[in-house]
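As structure tokens, the structure follows; a few thoughts come after it.
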Amino acid sequence: MSSTERPAGTTADVFQVIWSTLVSVLGATASATLIRRAARNAASSRPELQTLRILDVAREGMQYRCVLPPSWLEDECAHLDELRYFFQGGLRPLLEELTGLVVIRLLERQPGLRRRAIVQNEEERS
């Protein structure tokens with residue numbers, strides 16, 4: 001079983017599925033830029049979700065490291081609503097604008113993301 005298929009235990013684990021998928025398709029630099037912009041957009045439209053302001057991607061030499069809200073590292077995916085809003089309100093619109101539905105369709109195929117309603121296809125959103 002690949003890391004994108006196994007059940008996730010924390011919100012950070014679920015975020016990792018998104019990050020890994022983006023990096024595999026778009027590369028680390030583009031993915032980091034999208035994550036930063038999506039987090040900023042989502043946080044500005046929902047001020048009560050201040051944890052999204054912490055979400056960032058830091059460059060360390062030739063590598064990127066995701067800086068996640070500490071609450072996302074807690075057990076039991078207790079903060080999935082924040083991640084759900086980050087994706088739906090911040091990342092999805094950017095992906096649709098830049099890649100059409102290509103990357104979104106890849107994310108929709110990730111069982112851990114669909115099971116937790118982070119991404120939804122057209123039928124599920126209706």
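Identifiers in the structure tokens: chain A, B, ... in order shown; residue index from 1 per chain; ligand index from 1 in order shown.
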Considering only C-alpha atoms, return as a PyMOL selection string whatever protein or nucleic-acid residues lie within 10 Å of region 26-28 of chain A, sequence-local ones (same chain, fewer than 2 positions apart) excluded.
chain A and resi 19-24+30-34+57+59+62-65+99+103
Record the distance separating CA of Leu94 (chain A) and CA of Cys77 (chain A), expressed in Å with one decimal.
24.6 Å
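With distances restricted to only C-alpha atoms, A:Phe87 is the closest residue to Leu113 (chain A) from A:Gly61, A:Asp56, A:Phe87, A:Ala38.
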Residues flagged alpha helix (DSSP H) by DSSP in chain A, as number ranges by chain:
A: 11-26, 28-45, 80-85, 92-99, 102-108, 111-115, 122-125
Would you save the residues from that selection as an mmCIF file, in the first residue's frame, using C-alpha atoms?
data_model
loop_
_atom_site.group_PDB
_atom_site.id
_atom_site.type_symbol
_atom_site.label_atom_id
_atom_site.label_comp_id
_atom_site.auth_asym_id
_atom_site.auth_seq_id
_atom_site.Cartn_x
_atom_site.Cartn_y
_atom_site.Cartn_z
ATOM 1 C CA THR A 11 -4.895 16.213 9.818
ATOM 2 C CA ALA A 12 -1.185 16.574 9.001
ATOM 3 C CA ASP A 13 -1.210 13.067 7.498
ATOM 4 C CA VAL A 14 -4.166 14.001 5.300
ATOM 5 C CA PHE A 15 -2.413 17.228 4.247
ATOM 6 C CA GLN A 16 0.617 15.125 3.283
ATOM 7 C CA VAL A 17 -1.503 13.307 0.693
ATOM 8 C CA ILE A 18 -2.359 16.655 -0.908
ATOM 9 C CA TRP A 19 1.263 17.821 -0.783
ATOM 10 C CA SER A 20 2.638 14.569 -2.243
ATOM 11 C CA THR A 21 0.129 14.590 -5.080
ATOM 12 C CA LEU A 22 0.858 18.214 -5.954
ATOM 13 C CA VAL A 23 4.621 17.667 -5.882
ATOM 14 C CA SER A 24 4.391 14.572 -8.085
ATOM 15 C CA VAL A 25 2.492 16.509 -10.759
ATOM 16 C CA LEU A 26 3.628 20.124 -10.451
ATOM 17 C CA ALA A 28 7.984 21.187 -5.304
ATOM 18 C CA THR A 29 8.475 24.853 -6.177
ATOM 19 C CA ALA A 30 5.090 25.289 -7.862
ATOM 20 C CA SER A 31 3.408 23.263 -5.120
ATOM 21 C CA ALA A 32 4.969 25.413 -2.403
ATOM 22 C CA THR A 33 3.776 28.573 -4.143
ATOM 23 C CA LEU A 34 0.242 27.216 -4.475
ATOM 24 C CA ILE A 35 0.107 26.088 -0.836
ATOM 25 C CA ARG A 36 1.272 29.486 0.395
ATOM 26 C CA ARG A 37 -1.189 31.391 -1.775
ATOM 27 C CA ALA A 38 -4.085 29.053 -0.963
ATOM 28 C CA ALA A 39 -3.441 29.339 2.781
ATOM 29 C CA ARG A 40 -3.301 33.133 2.559
ATOM 30 C CA ASN A 41 -6.519 33.275 0.502
ATOM 31 C CA ALA A 42 -8.393 30.877 2.780
ATOM 32 C CA ALA A 43 -7.248 32.650 5.962
ATOM 33 C CA SER A 44 -8.206 36.082 4.657
ATOM 34 C CA SER A 45 -11.721 34.991 3.743
ATOM 35 C CA LEU A 80 -10.236 18.319 9.283
ATOM 36 C CA ASP A 81 -12.704 21.203 8.895
ATOM 37 C CA GLU A 82 -9.754 23.591 8.664
ATOM 38 C CA LEU A 83 -8.060 21.439 6.037
ATOM 39 C CA ARG A 84 -11.351 20.999 4.190
ATOM 40 C CA TYR A 85 -11.780 24.781 4.014
ATOM 41 C CA ARG A 92 -9.215 24.216 -5.328
ATOM 42 C CA PRO A 93 -9.953 27.600 -6.970
ATOM 43 C CA LEU A 94 -6.255 28.093 -7.712
ATOM 44 C CA LEU A 95 -5.900 24.591 -9.142
ATOM 45 C CA GLU A 96 -8.987 25.053 -11.312
ATOM 46 C CA GLU A 97 -7.621 28.334 -12.648
ATOM 47 C CA LEU A 98 -4.113 27.039 -13.322
ATOM 48 C CA THR A 99 -4.607 23.389 -14.289
ATOM 49 C CA VAL A 102 -6.411 17.714 -14.101
ATOM 50 C CA VAL A 103 -4.865 17.921 -10.627
ATOM 51 C CA ILE A 104 -8.235 18.021 -8.898
ATOM 52 C CA ARG A 105 -9.183 14.727 -10.571
ATOM 53 C CA LEU A 106 -5.946 13.174 -9.300
ATOM 54 C CA LEU A 107 -6.741 14.363 -5.784
ATOM 55 C CA GLU A 108 -10.297 13.022 -6.092
ATOM 56 C CA PRO A 111 -9.263 7.441 -1.006
ATOM 57 C CA GLY A 112 -8.141 9.184 2.181
ATOM 58 C CA LEU A 113 -9.142 12.578 0.811
ATOM 59 C CA ARG A 114 -12.521 11.435 -0.480
ATOM 60 C CA ARG A 115 -13.355 9.411 2.627
ATOM 61 C CA GLU A 122 -19.224 17.024 -8.956
ATOM 62 C CA GLU A 123 -21.882 14.524 -7.855
ATOM 63 C CA GLU A 124 -20.774 14.671 -4.225
ATOM 64 C CA ARG A 125 -20.751 18.479 -4.184
#
What is the distance, in Å and to one decimal place, between CA of Gly100 (chain A) and CA of Val67 (chain A)?
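If I compute the distance from CA of Gly100 (chain A) to CA of Val67 (chain A), I get 26.9 Å.
Checking A:Leu101, A:Ile118, A:Ala78, A:Phe86 one by one against Thr10 (chain A), counting only C-alpha atoms, you find the shortest gap at A:Ala78.
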Which parts of region 44-125 of chain A does DSSP call strand (DSSP E) when run on the backbone here, written out as a list in words?
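Restricting region 44-125 of chain A to strand (DSSP E) produces Asp56, Val57, Ala58, Arg59, Glu60, Gln63, Tyr64, Arg65, Cys66 and Val67 of chain A.
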Can I get the selected residues back with C-alpha atoms, as a short mmCIF file (atom, residue, chain, number, x, y, z; two decimals), in the first residue's frame?
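Below you can see result10.cif, which holds the result:
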data_model
loop_
_atom_site.label_atom_id
_atom_site.label_comp_id
_atom_site.auth_asym_id
_atom_site.auth_seq_id
_atom_site.Cartn_x
_atom_site.Cartn_y
_atom_site.Cartn_z
CA ASP A 56 3.45 27.60 5.04
CA VAL A 57 6.14 25.85 3.06
CA ALA A 58 9.73 26.70 3.95
CA ARG A 59 12.66 26.15 1.64
CA GLU A 60 15.68 24.53 3.23
CA GLN A 63 14.20 20.81 -0.18
CA TYR A 64 10.84 22.12 0.98
CA ARG A 65 9.35 21.55 4.43
CA CYS A 66 5.70 22.06 5.23
CA VAL A 67 5.06 24.18 8.31
#
